[in-house]
$ cat query_24.pdb   # PDB, N, CA and C atoms
ATOM      1  N   MET A  31      64.134 -51.598 -57.154
ATOM      2  CA  MET A  31      64.773 -52.303 -56.068
ATOM      3  C   MET A  31      66.296 -52.140 -56.146
ATOM      4  N   PHE A  32      66.838 -52.410 -57.326
ATOM      5  CA  PHE A  32      68.279 -52.281 -57.505
ATOM      6  C   PHE A  32      68.734 -50.839 -57.303
ATOM      7  N   LEU A  33      67.950 -49.890 -57.834
ATOM      8  CA  LEU A  33      68.316 -48.479 -57.693
ATOM      9  C   LEU A  33      68.294 -48.043 -56.238
ATOM     10  N   ASN A  34      67.330 -48.537 -55.471
ATOM     11  CA  ASN A  34      67.286 -48.193 -54.045
ATOM     12  C   ASN A  34      68.504 -48.742 -53.319
ATOM     13  N   ALA A  35      68.904 -49.958 -53.661
ATOM     14  CA  ALA A  35      70.095 -50.547 -53.049
ATOM     15  C   ALA A  35      71.337 -49.758 -53.453
ATOM     16  N   LEU A  36      71.380 -49.337 -54.703
ATOM     17  CA  LEU A  36      72.508 -48.544 -55.180
ATOM     18  C   LEU A  36      72.559 -47.193 -54.468
ATOM     19  N   LYS A  37      71.410 -46.552 -54.322
ATOM     20  CA  LYS A  37      71.346 -45.270 -53.609
ATOM     21  C   LYS A  37      71.826 -45.439 -52.173
ATOM     22  N   LEU A  38      71.381 -46.508 -51.521
ATOM     23  CA  LEU A  38      71.787 -46.768 -50.141
ATOM     24  C   LEU A  38      73.299 -46.969 -50.057
ATOM     25  N   ALA A  39      73.853 -47.695 -51.020
ATOM     26  CA  ALA A  39      75.295 -47.923 -51.028
ATOM     27  C   ALA A  39      76.057 -46.619 -51.224
ATOM     28  N   VAL A  40      75.562 -45.768 -52.110
ATOM     29  CA  VAL A  40      76.211 -44.472 -52.349
ATOM     30  C   VAL A  40      76.151 -43.610 -51.097
ATOM     31  N   ILE A  41      74.985 -43.565 -50.457
ATOM     32  CA  ILE A  41      74.834 -42.762 -49.243
ATOM     33  C   ILE A  41      75.746 -43.291 -48.137
ATOM     34  N   ALA A  42      75.800 -44.620 -47.997
ATOM     35  CA  ALA A  42      76.666 -45.209 -46.975
ATOM     36  C   ALA A  42      78.131 -44.874 -47.248
ATOM     37  N   THR A  43      78.523 -44.950 -48.510
ATOM     38  CA  THR A  43      79.901 -44.621 -48.881
ATOM     39  C   THR A  43      80.211 -43.164 -48.572
ATOM     40  N   LEU A  44      79.283 -42.295 -48.918
ATOM     41  CA  LEU A  44      79.487 -40.878 -48.628
ATOM     42  C   LEU A  44      79.549 -40.626 -47.127
ATOM     43  N   ALA A  45      78.733 -41.345 -46.365
ATOM     44  CA  ALA A  45      78.754 -41.178 -44.915
ATOM     45  C   ALA A  45      80.112 -41.586 -44.346
ATOM     46  N   ILE A  46      80.673 -42.653 -44.880
ATOM     47  CA  ILE A  46      81.999 -43.100 -44.422
ATOM     48  C   ILE A  46      83.053 -42.067 -44.789
ATOM     49  N   LEU A  47      82.987 -41.573 -46.015
ATOM     50  CA  LEU A  47      83.930 -40.534 -46.422
ATOM     51  C   LEU A  47      83.760 -39.282 -45.576
ATOM     52  N   LEU A  48      82.532 -38.965 -45.289
ATOM     53  CA  LEU A  48      82.232 -37.781 -44.483
ATOM     54  C   LEU A  48      82.802 -37.917 -43.080
ATOM     55  N   SER A  49      82.719 -39.107 -42.516
ATOM     56  CA  SER A  49      83.234 -39.296 -41.165
ATOM     57  C   SER A  49      84.748 -39.093 -41.110
ATOM     58  N   ALA A  50      85.406 -39.272 -42.244
ATOM     59  CA  ALA A  50      86.853 -39.066 -42.292
ATOM     60  C   ALA A  50      87.220 -37.596 -42.477
ATOM     61  N   CYS A  51      86.256 -36.792 -42.843
ATOM     62  CA  CYS A  51      86.511 -35.367 -43.087
ATOM     63  C   CYS A  51      86.210 -34.571 -41.823
ATOM     64  N   SER A  52      87.045 -33.599 -41.538
ATOM     65  CA  SER A  52      86.822 -32.823 -40.332
ATOM     66  C   SER A  52      86.477 -31.368 -40.609
ATOM     67  N   SER A  53      86.686 -30.911 -41.831
ATOM     68  CA  SER A  53      86.453 -29.494 -42.091
ATOM     69  C   SER A  53      85.021 -29.246 -42.528
ATOM     70  N   ASP A  54      84.474 -28.107 -42.107
ATOM     71  CA  ASP A  54      83.129 -27.724 -42.519
ATOM     72  C   ASP A  54      83.034 -27.576 -44.026
ATOM     73  N   ALA A  55      84.060 -27.035 -44.651
ATOM     74  CA  ALA A  55      84.029 -26.819 -46.098
ATOM     75  C   ALA A  55      83.884 -28.146 -46.838
ATOM     76  N   ARG A  56      84.645 -29.130 -46.434
ATOM     77  CA  ARG A  56      84.561 -30.450 -47.079
ATOM     78  C   ARG A  56      83.197 -31.066 -46.828
ATOM     79  N   TYR A  57      82.678 -30.924 -45.620
ATOM     80  CA  TYR A  57      81.356 -31.463 -45.312
ATOM     81  C   TYR A  57      80.305 -30.821 -46.210
ATOM     82  N   HIS A  58      80.344 -29.513 -46.342
ATOM     83  CA  HIS A  58      79.351 -28.818 -47.159
ATOM     84  C   HIS A  58      79.483 -29.194 -48.632
ATOM     85  N   GLU A  59      80.680 -29.454 -49.079
ATOM     86  CA  GLU A  59      80.885 -29.893 -50.458
ATOM     87  C   GLU A  59      80.197 -31.241 -50.693
ATOM     88  N   ILE A  60      80.400 -32.152 -49.759
ATOM     89  CA  ILE A  60      79.780 -33.478 -49.866
ATOM     90  C   ILE A  60      78.270 -33.368 -49.734
ATOM     91  N   GLN A  61      77.811 -32.581 -48.780
ATOM     92  CA  GLN A  61      76.370 -32.437 -48.576
ATOM     93  C   GLN A  61      75.716 -31.816 -49.810
ATOM     94  N   SER A  62      76.366 -30.881 -50.435
ATOM     95  CA  SER A  62      75.835 -30.265 -51.650
ATOM     96  C   SER A  62      75.665 -31.316 -52.750
ATOM     97  N   ALA A  63      76.648 -32.185 -52.895
ATOM     98  CA  ALA A  63      76.551 -33.257 -53.890
ATOM     99  C   ALA A  63      75.403 -34.198 -53.556
ATOM    100  N   ARG A  64      75.231 -34.509 -52.283
ATOM    101  CA  ARG A  64      74.134 -35.388 -51.870
ATOM    102  C   ARG A  64      72.782 -34.736 -52.135
ATOM    103  N   LEU A  65      72.676 -33.440 -51.876
ATOM    104  CA  LEU A  65      71.411 -32.751 -52.113
ATOM    105  C   LEU A  65      71.103 -32.681 -53.607
ATOM    106  N   ARG A  66      72.132 -32.536 -54.441
ATOM    107  CA  ARG A  66      71.905 -32.576 -55.890
ATOM    108  C   ARG A  66      71.348 -33.931 -56.287
ATOM    109  N   GLU A  67      71.822 -34.983 -55.629
ATOM    110  CA  GLU A  67      71.305 -36.322 -55.895
ATOM    111  C   GLU A  67      69.829 -36.404 -55.505
ATOM    112  N   CYS A  68      69.447 -35.728 -54.436
ATOM    113  CA  CYS A  68      68.049 -35.731 -53.991
ATOM    114  C   CYS A  68      67.132 -35.115 -55.051
ATOM    115  N   ASN A  69      67.650 -34.164 -55.808
ATOM    116  CA  ASN A  69      66.821 -33.463 -56.791
ATOM    117  C   ASN A  69      66.225 -34.386 -57.843
ATOM    118  N   HIS A  70      66.806 -35.549 -58.043
ATOM    119  CA  HIS A  70      66.334 -36.469 -59.079
ATOM    120  C   HIS A  70      65.322 -37.472 -58.541
ATOM    121  N   MET A  71      64.882 -37.291 -57.316
ATOM    122  CA  MET A  71      63.955 -38.241 -56.697
ATOM    123  C   MET A  71      62.529 -37.722 -56.757
ATOM    124  N   ALA A  72      61.594 -38.649 -56.578
ATOM    125  CA  ALA A  72      60.180 -38.286 -56.505
ATOM    126  C   ALA A  72      59.940 -37.493 -55.222
ATOM    127  N   ASP A  73      58.796 -36.835 -55.129
ATOM    128  CA  ASP A  73      58.515 -35.940 -54.005
ATOM    129  C   ASP A  73      58.748 -36.584 -52.647
ATOM    130  N   LYS A  74      58.147 -37.743 -52.401
ATOM    131  CA  LYS A  74      58.286 -38.392 -51.090
ATOM    132  C   LYS A  74      59.749 -38.736 -50.813
ATOM    133  N   GLU A  75      60.406 -39.330 -51.803
ATOM    134  CA  GLU A  75      61.812 -39.685 -51.636
ATOM    135  C   GLU A  75      62.680 -38.443 -51.457
ATOM    136  N   TYR A  76      62.337 -37.371 -52.169
ATOM    137  CA  TYR A  76      63.089 -36.116 -52.061
ATOM    138  C   TYR A  76      63.052 -35.589 -50.625
ATOM    139  N   HIS A  77      61.849 -35.552 -50.047
ATOM    140  CA  HIS A  77      61.722 -35.029 -48.685
ATOM    141  C   HIS A  77      62.437 -35.920 -47.678
ATOM    142  N   GLU A  78      62.397 -37.230 -47.891
ATOM    143  CA  GLU A  78      63.129 -38.139 -47.014
ATOM    144  C   GLU A  78      64.636 -37.927 -47.158
ATOM    145  N   CYS A  79      65.073 -37.724 -48.377
ATOM    146  CA  CYS A  79      66.499 -37.491 -48.652
ATOM    147  C   CYS A  79      66.976 -36.204 -47.969
ATOM    148  N   VAL A  80      66.208 -35.136 -48.120
ATOM    149  CA  VAL A  80      66.570 -33.861 -47.501
ATOM    150  C   VAL A  80      66.587 -33.996 -45.980
ATOM    151  N   LYS A  81      65.617 -34.721 -45.421
ATOM    152  CA  LYS A  81      65.559 -34.936 -43.973
ATOM    153  C   LYS A  81      66.809 -35.679 -43.499
ATOM    154  N   ARG A  82      67.240 -36.703 -44.272
ATOM    155  CA  ARG A  82      68.469 -37.430 -43.914
ATOM    156  C   ARG A  82      69.668 -36.496 -43.916
ATOM    157  N   GLN A  83      69.712 -35.588 -44.893
ATOM    158  CA  GLN A  83      70.823 -34.637 -44.962
ATOM    159  C   GLN A  83      70.820 -33.708 -43.753
ATOM    160  N   GLN A  84      69.643 -33.257 -43.357
ATOM    161  CA  GLN A  84      69.544 -32.373 -42.192
ATOM    162  C   GLN A  84      69.970 -33.109 -40.926
ATOM    163  N   ASP A  85      69.499 -34.349 -40.777
ATOM    164  CA  ASP A  85      69.881 -35.144 -39.611
ATOM    165  C   ASP A  85      71.387 -35.393 -39.598
ATOM    166  N   SER A  86      71.938 -35.663 -40.773
ATOM    167  CA  SER A  86      73.372 -35.897 -40.885
ATOM    168  C   SER A  86      74.155 -34.652 -40.477
ATOM    169  N   TYR A  87      73.685 -33.494 -40.906
ATOM    170  CA  TYR A  87      74.376 -32.252 -40.565
ATOM    171  C   TYR A  87      74.315 -31.984 -39.063
ATOM    172  N   GLU A  88      73.164 -32.244 -38.454
ATOM    173  CA  GLU A  88      73.045 -32.053 -37.005
ATOM    174  C   GLU A  88      73.991 -32.991 -36.265
ATOM    175  N   GLU A  89      74.095 -34.236 -36.719
ATOM    176  CA  GLU A  89      75.008 -35.201 -36.110
ATOM    177  C   GLU A  89      76.458 -34.745 -36.300
ATOM    178  N   PHE A  90      76.793 -34.244 -37.474
ATOM    179  CA  PHE A  90      78.135 -33.739 -37.751
ATOM    180  C   PHE A  90      78.484 -32.602 -36.801
ATOM    181  N   LYS A  91      77.569 -31.659 -36.630
ATOM    182  CA  LYS A  91      77.836 -30.514 -35.747
ATOM    183  C   LYS A  91      77.992 -30.982 -34.293
ATOM    184  N   LYS A  92      77.202 -31.960 -33.905
ATOM    185  CA  LYS A  92      77.302 -32.504 -32.541
ATOM    186  C   LYS A  92      78.670 -33.148 -32.336
ATOM    187  N   GLN A  93      79.122 -33.912 -33.327
ATOM    188  CA  GLN A  93      80.437 -34.561 -33.227
ATOM    189  C   GLN A  93      81.548 -33.517 -33.204
ATOM    190  N   GLN A  94      81.398 -32.471 -34.009
ATOM    191  CA  GLN A  94      82.406 -31.413 -34.027
ATOM    192  C   GLN A  94      82.491 -30.742 -32.652
ATOM    193  N   ALA A  95      81.348 -30.499 -32.021
ATOM    194  CA  ALA A  95      81.322 -29.869 -30.716
ATOM    195  C   ALA A  95      81.983 -30.754 -29.662
ATOM    196  N   GLU A  96      81.803 -32.072 -29.782
ATOM    197  CA  GLU A  96      82.412 -32.997 -28.827
ATOM    198  C   GLU A  96      83.931 -33.021 -28.969
ATOM    199  N   HIS A  97      84.427 -32.850 -30.178
ATOM    200  CA  HIS A  97      85.871 -32.902 -30.439
ATOM    201  C   HIS A  97      86.575 -31.592 -30.097
ATOM    202  N   ASP A  98      85.823 -30.514 -29.980
ATOM    203  CA  ASP A  98      86.431 -29.220 -29.674
ATOM    204  C   ASP A  98      86.672 -29.021 -28.207
TER     205      ASP A  98
END
$ encode --input "query_24.pdb" --output "structure tokens"
Amino acid sequence: MFLNALKLAVIATLAILLSACSSDARYHEIQSARLRECNHMADKEYHECVKRQQDSYEEFKKQQAEHD
């Protein structure tokens, strides 16, 4: 329970930091760190984690397109 709350807090913090970043390179650096974090999860959690990363990347690209 505590670990799930901690993971959620870390992901939320990274999402906030990510929203402040505008470069693709910085985004990929953060996403790479998040995906490394996914590697330590059980199968179901791993797939959910990877799916969140993919959704986050799609949202990032959409926001980038709106700002251009």
$ atom_distance --input "query_24.pdb" --atom1 "CA of Asp73 (chain A)" --atom2 "atom C of Arg56 (chain A)"
26.2 Å
$ residues_near_point --input "query_24.pdb" --point "(71.3, -38.5, -49.3)" --cutoff "8 Å" --atoms "all atoms listed in the file" --output "PyMOL selection string"
chain A and resi 37+40-42+61+63-68+78-83
$ atom_distance --input "query_24.pdb" --atom1 "CA of Ala55 (chain A)" --atom2 "CA of Asn69 (chain A)"
21.3 Å
$ axis_aligned_box --input "query_24.pdb" --around "region 38-41 of chain A" --padding-each-side "6 Å" --output "lines of an AutoDock Vina configuration file"
center_x = 73.8
center_y = -45.3
center_z = -50.2
size_x = 16.8
size_y = 17.2
size_z = 16.2
$ atom_distance --input "query_24.pdb" --atom1 "CA of Lys91 (chain A)" --atom2 "CA of Ala35 (chain A)"
27.6 Å
$ build_atoms --input "query_24.pdb" --residues "region 60-71 of chain A" --atoms "all heavy atoms" --output "PDB file, in the frame of the given file"
ATOM      1  N   ILE A  60      80.400 -32.152 -49.759  1.00  0.00           N
ATOM      2  CA  ILE A  60      79.780 -33.478 -49.866  1.00  0.00           C
ATOM      3  C   ILE A  60      78.270 -33.368 -49.734  1.00  0.00           C
ATOM      4  O   ILE A  60      77.516 -33.981 -50.494  1.00  0.00           O
ATOM      5  CB  ILE A  60      80.360 -34.432 -48.802  1.00  0.00           C
ATOM      6  CG1 ILE A  60      81.815 -34.744 -49.134  1.00  0.00           C
ATOM      7  CG2 ILE A  60      79.545 -35.722 -48.734  1.00  0.00           C
ATOM      8  CD1 ILE A  60      82.547 -35.478 -48.038  1.00  0.00           C
ATOM      9  N   GLN A  61      77.811 -32.581 -48.780  1.00  0.00           N
ATOM     10  CA  GLN A  61      76.370 -32.437 -48.576  1.00  0.00           C
ATOM     11  C   GLN A  61      75.716 -31.816 -49.810  1.00  0.00           C
ATOM     12  O   GLN A  61      74.617 -32.216 -50.194  1.00  0.00           O
ATOM     13  CB  GLN A  61      76.082 -31.595 -47.337  1.00  0.00           C
ATOM     14  CG  GLN A  61      74.608 -31.584 -46.988  1.00  0.00           C
ATOM     15  CD  GLN A  61      74.333 -30.906 -45.671  1.00  0.00           C
ATOM     16  OE1 GLN A  61      75.149 -30.142 -45.172  1.00  0.00           O
ATOM     17  NE2 GLN A  61      73.188 -31.170 -45.111  1.00  0.00           N
ATOM     18  N   SER A  62      76.366 -30.881 -50.435  1.00  0.00           N
ATOM     19  CA  SER A  62      75.835 -30.265 -51.650  1.00  0.00           C
ATOM     20  C   SER A  62      75.665 -31.316 -52.750  1.00  0.00           C
ATOM     21  O   SER A  62      74.645 -31.342 -53.441  1.00  0.00           O
ATOM     22  CB  SER A  62      76.766 -29.156 -52.114  1.00  0.00           C
ATOM     23  OG  SER A  62      76.302 -28.605 -53.310  1.00  0.00           O
ATOM     24  N   ALA A  63      76.648 -32.185 -52.895  1.00  0.00           N
ATOM     25  CA  ALA A  63      76.551 -33.257 -53.890  1.00  0.00           C
ATOM     26  C   ALA A  63      75.403 -34.198 -53.556  1.00  0.00           C
ATOM     27  O   ALA A  63      74.660 -34.628 -54.443  1.00  0.00           O
ATOM     28  CB  ALA A  63      77.869 -34.028 -53.956  1.00  0.00           C
ATOM     29  N   ARG A  64      75.231 -34.509 -52.283  1.00  0.00           N
ATOM     30  CA  ARG A  64      74.134 -35.388 -51.870  1.00  0.00           C
ATOM     31  C   ARG A  64      72.782 -34.736 -52.135  1.00  0.00           C
ATOM     32  O   ARG A  64      71.847 -35.402 -52.563  1.00  0.00           O
ATOM     33  CB  ARG A  64      74.266 -35.731 -50.396  1.00  0.00           C
ATOM     34  CG  ARG A  64      75.471 -36.577 -50.081  1.00  0.00           C
ATOM     35  CD  ARG A  64      75.763 -36.511 -48.633  1.00  0.00           C
ATOM     36  NE  ARG A  64      75.726 -37.802 -48.007  1.00  0.00           N
ATOM     37  CZ  ARG A  64      75.749 -37.965 -46.695  1.00  0.00           C
ATOM     38  NH1 ARG A  64      75.786 -36.936 -45.901  1.00  0.00           N
ATOM     39  NH2 ARG A  64      75.735 -39.158 -46.182  1.00  0.00           N
ATOM     40  N   LEU A  65      72.676 -33.440 -51.876  1.00  0.00           N
ATOM     41  CA  LEU A  65      71.411 -32.751 -52.113  1.00  0.00           C
ATOM     42  C   LEU A  65      71.103 -32.681 -53.607  1.00  0.00           C
ATOM     43  O   LEU A  65      69.943 -32.764 -53.996  1.00  0.00           O
ATOM     44  CB  LEU A  65      71.432 -31.355 -51.494  1.00  0.00           C
ATOM     45  CG  LEU A  65      71.335 -31.339 -49.969  1.00  0.00           C
ATOM     46  CD1 LEU A  65      71.566 -29.931 -49.443  1.00  0.00           C
ATOM     47  CD2 LEU A  65      69.997 -31.883 -49.489  1.00  0.00           C
ATOM     48  N   ARG A  66      72.132 -32.536 -54.441  1.00  0.00           N
ATOM     49  CA  ARG A  66      71.905 -32.576 -55.890  1.00  0.00           C
ATOM     50  C   ARG A  66      71.348 -33.931 -56.287  1.00  0.00           C
ATOM     51  O   ARG A  66      70.496 -34.031 -57.167  1.00  0.00           O
ATOM     52  CB  ARG A  66      73.189 -32.273 -56.647  1.00  0.00           C
ATOM     53  CG  ARG A  66      73.522 -30.800 -56.699  1.00  0.00           C
ATOM     54  CD  ARG A  66      74.630 -30.502 -57.693  1.00  0.00           C
ATOM     55  NE  ARG A  66      75.871 -31.229 -57.432  1.00  0.00           N
ATOM     56  CZ  ARG A  66      76.852 -30.795 -56.657  1.00  0.00           C
ATOM     57  NH1 ARG A  66      76.754 -29.639 -56.044  1.00  0.00           N
ATOM     58  NH2 ARG A  66      77.946 -31.522 -56.485  1.00  0.00           N
ATOM     59  N   GLU A  67      71.822 -34.983 -55.629  1.00  0.00           N
ATOM     60  CA  GLU A  67      71.305 -36.322 -55.895  1.00  0.00           C
ATOM     61  C   GLU A  67      69.829 -36.404 -55.505  1.00  0.00           C
ATOM     62  O   GLU A  67      69.040 -37.045 -56.185  1.00  0.00           O
ATOM     63  CB  GLU A  67      72.119 -37.356 -55.113  1.00  0.00           C
ATOM     64  CG  GLU A  67      71.683 -38.779 -55.359  1.00  0.00           C
ATOM     65  CD  GLU A  67      72.524 -39.763 -54.583  1.00  0.00           C
ATOM     66  OE1 GLU A  67      73.739 -39.817 -54.819  1.00  0.00           O
ATOM     67  OE2 GLU A  67      71.948 -40.464 -53.743  1.00  0.00           O
ATOM     68  N   CYS A  68      69.447 -35.728 -54.436  1.00  0.00           N
ATOM     69  CA  CYS A  68      68.049 -35.731 -53.991  1.00  0.00           C
ATOM     70  C   CYS A  68      67.132 -35.115 -55.051  1.00  0.00           C
ATOM     71  O   CYS A  68      65.965 -35.505 -55.161  1.00  0.00           O
ATOM     72  CB  CYS A  68      67.877 -34.932 -52.698  1.00  0.00           C
ATOM     73  SG  CYS A  68      68.649 -35.638 -51.241  1.00  0.00           S
ATOM     74  N   ASN A  69      67.650 -34.164 -55.808  1.00  0.00           N
ATOM     75  CA  ASN A  69      66.821 -33.463 -56.791  1.00  0.00           C
ATOM     76  C   ASN A  69      66.225 -34.386 -57.843  1.00  0.00           C
ATOM     77  O   ASN A  69      65.235 -34.033 -58.469  1.00  0.00           O
ATOM     78  CB  ASN A  69      67.628 -32.364 -57.484  1.00  0.00           C
ATOM     79  CG  ASN A  69      67.886 -31.199 -56.573  1.00  0.00           C
ATOM     80  OD1 ASN A  69      67.140 -30.942 -55.639  1.00  0.00           O
ATOM     81  ND2 ASN A  69      68.955 -30.480 -56.833  1.00  0.00           N
ATOM     82  N   HIS A  70      66.806 -35.549 -58.043  1.00  0.00           N
ATOM     83  CA  HIS A  70      66.334 -36.469 -59.079  1.00  0.00           C
ATOM     84  C   HIS A  70      65.322 -37.472 -58.541  1.00  0.00           C
ATOM     85  O   HIS A  70      64.931 -38.385 -59.264  1.00  0.00           O
ATOM     86  CB  HIS A  70      67.520 -37.200 -59.703  1.00  0.00           C
ATOM     87  CG  HIS A  70      68.510 -36.261 -60.301  1.00  0.00           C
ATOM     88  ND1 HIS A  70      68.275 -35.569 -61.458  1.00  0.00           N
ATOM     89  CD2 HIS A  70      69.725 -35.861 -59.875  1.00  0.00           C
ATOM     90  CE1 HIS A  70      69.300 -34.804 -61.740  1.00  0.00           C
ATOM     91  NE2 HIS A  70      70.208 -34.950 -60.794  1.00  0.00           N
ATOM     92  N   MET A  71      64.882 -37.291 -57.316  1.00  0.00           N
ATOM     93  CA  MET A  71      63.955 -38.241 -56.697  1.00  0.00           C
ATOM     94  C   MET A  71      62.529 -37.722 -56.757  1.00  0.00           C
ATOM     95  O   MET A  71      62.287 -36.535 -56.930  1.00  0.00           O
ATOM     96  CB  MET A  71      64.354 -38.476 -55.233  1.00  0.00           C
ATOM     97  CG  MET A  71      65.714 -39.079 -55.075  1.00  0.00           C
ATOM     98  SD  MET A  71      66.099 -39.322 -53.343  1.00  0.00           S
ATOM     99  CE  MET A  71      67.700 -40.071 -53.465  1.00  0.00           C
TER     100      MET A  71
END
